[in-house]
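Below: the structure, in structure tokens.
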Amino acid sequence: MKRMKRATFTAAAVLSCTLAFSGCSLISQAVQPEQGQTGEQSNADAQDQGSQDQNGQDQGDQNGQESNADQNGQDQTGGQDSSSDQSTSGSSSSTSSSDGATGSGSGASSGSQGQVSIGESFEDPEMQDKIEVLSAVRNFESSKRASAIELGGEVVLLEVKITPGQKYSGLIQSGAFKISEGGGADYRYDQTDGLEAEMRAAGYEPFEDVRRRDGGTHQGWLAYVPNEKQDAYTIRYERGPGKVLGTDEKVPEFTTTFDIPSV
């Protein structure tokens, strides 16, 4: 009898422990969904709060609109003459803007466009390049650089003719010719690339970089846009130093200057 009670007690204890462990396992698995539900609830609460805020904002906007409507009604009742005057003024402004747009479409000039002869020539003793500076155009009319001209600048064109030497290879580039700025305190590169279309339309063929190995004679125009118009400009031709490939031979730099006079 005692053995039967002991067996029954043991079986009950085992069953109790099994349920307890099973219950712990089930509770542990249920925790994650509850956390997820808590997150979903937080999102739902946030959405509800956002909806309430939106409703409050809508009501505020509606009240504001009604207030604005009343204000507009008062303004329209008492300020029709003022609105009429403003409309008239606006029409005048539109006419002026239209006239200004028409004016900006035409070429701007800092004075009477004119061509001057220069007649300078020099030779790079190391490279044996022969360079002639033929003439220049002052106050070139340009719509592309109208703003610079209105601010006191000028568009200047320079005509050069180059016969490259055959001793070395390489390029003779437009960047070798720089124009004085600020009374000679600084020198600026040309801006031919931005004015090529206007130059060709006016009959001035833009200068293109020369390859020495091509030989021959090459002629063309360079364009400059100094920020401040001057009576005369100085052009500095500068070829930097170099080194002959495959040797230790060095080629010293070459620099010379000449002037562009007024028209």
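By order in the structure tokens, chains are A, B, ...; within a chain, residues start at 1; ligands start at 1, following the order shown.
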
- Would you kindly return, as a list of chain:residue names, each protein, DNA or RNA residue with an atom no farther than 8 Å from any atom of Ser262 of chain A, considering only C-alpha atoms and excluding same-chain residues fewer than 2 positions away? A:Val116, A:Arg138, A:Asp231, A:Ala232, A:Ile260

Each residue of segment 118-222 of chain A with at least one atom at most 12 Å from segment 249-253 of chain A should appear once, together with its nearest atom pair and the corresponding distance in Å (one decimal); atoms considered: only C-alpha atoms; ordering: chain, then increasing residue number; output as JSON lines.
```
{"residue": "A:Asp124", "atom": "CA", "partner": "A:Glu253", "partner_atom": "CA", "distance": 9.4}
{"residue": "A:Pro125", "atom": "CA", "partner": "A:Pro252", "partner_atom": "CA", "distance": 9.9}
{"residue": "A:Glu126", "atom": "CA", "partner": "A:Val251", "partner_atom": "CA", "distance": 6.9}
{"residue": "A:Met127", "atom": "CA", "partner": "A:Val251", "partner_atom": "CA", "distance": 8.5}
{"residue": "A:Gln128", "atom": "CA", "partner": "A:Val251", "partner_atom": "CA", "distance": 11.9}
{"residue": "A:Lys167", "atom": "CA", "partner": "A:Val251", "partner_atom": "CA", "distance": 11.8}
{"residue": "A:Tyr168", "atom": "CA", "partner": "A:Val251", "partner_atom": "CA", "distance": 10.3}
{"residue": "A:Ala176", "atom": "CA", "partner": "A:Glu253", "partner_atom": "CA", "distance": 11.5}
```

- Task: Just give me the gap between atom CA of Leu134 of chain A and atom CA of Gly170 of chain A in Å, one decimal is fine.
- Result: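 Atom-to-atom, atom CA of Leu134 of chain A and atom CA of Gly170 of chain A are spaced 23.7 Å apart.
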
- Of the listed residues A:Ile162, A:Thr256, A:Gln115, A:Ser109, that which approaches Gly240 of chain A most closely, counting only C-alpha atoms: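 Using only C-alpha atoms, Gly240 of chain A sits closest to A:Thr256.
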
Wanna dump the segment 210-239 of chain A-segment 186-189 of chain A contacts at 9 Å for me, each residue with its shortest atom pair and the distance in Å to one decimal, counting only C-alpha atoms, ordered by chain and number, as a tab-separated table?
```
residue	atom	partner	partner_atom	distance
A:Tyr224	CA	A:Tyr189	CA	7.4
A:Val225	CA	A:Arg188	CA	8.7
A:Pro226	CA	A:Arg188	CA	7.7
A:Thr234	CA	A:Tyr187	CA	8.8
A:Ile235	CA	A:Tyr187	CA	8.2
A:Arg236	CA	A:Tyr187	CA	7.8
```

Create the file for the chosen residues now, containing C-alpha atoms and written as a short mmCIF file (atom, residue, chain, number, x, y, z; two decimals), in the first residue's frame.
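The resulting file, again-v4.cif, is reproduced below:
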```cif
data_model
loop_
_atom_site.label_atom_id
_atom_site.label_comp_id
_atom_site.auth_asym_id
_atom_site.auth_seq_id
_atom_site.Cartn_x
_atom_site.Cartn_y
_atom_site.Cartn_z
CA TYR A 224 39.93 88.64 -73.43
CA VAL A 225 37.47 90.11 -70.92
CA PRO A 226 39.29 92.38 -68.44
CA THR A 234 49.98 94.70 -71.96
CA ILE A 235 50.07 91.18 -73.35
CA ARG A 236 52.63 88.82 -71.86
#
```

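Considering only C-alpha atoms, the residue among A:Phe122, A:Tyr233, A:Tyr204, A:Trp221 positioned nearest to Glu154 of chain A is A:Tyr233.
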
- Task: Tell me, in Å to one decimal, how far atom CA of Phe254 of chain A is from atom CA of Ser174 of chain A.
- Result: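 The value is 15.1 Å.
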
- Query: Given the choices A:Gly216, A:Ala223, A:Ser169, A:Lys178, which gets closest to Gly194 of chain A if the distance is worked out from only C-alpha atoms?
  - Reply: A:Ala223

- Task: Output as an MDAnalysis selection string all residues of segment 132-231 of chain A that backbone DSSP marks as strand (DSSP E).
- Result: chainID A and resid 132:138 156:163 171:172 177:181 186:188 210:211 218:224

- Message: I'd like the interatomic distance between atom CA of Thr192 of chain A and atom CA of Gly242 of chain A, to a tenth of an Å.
- Response: 25.8 Å
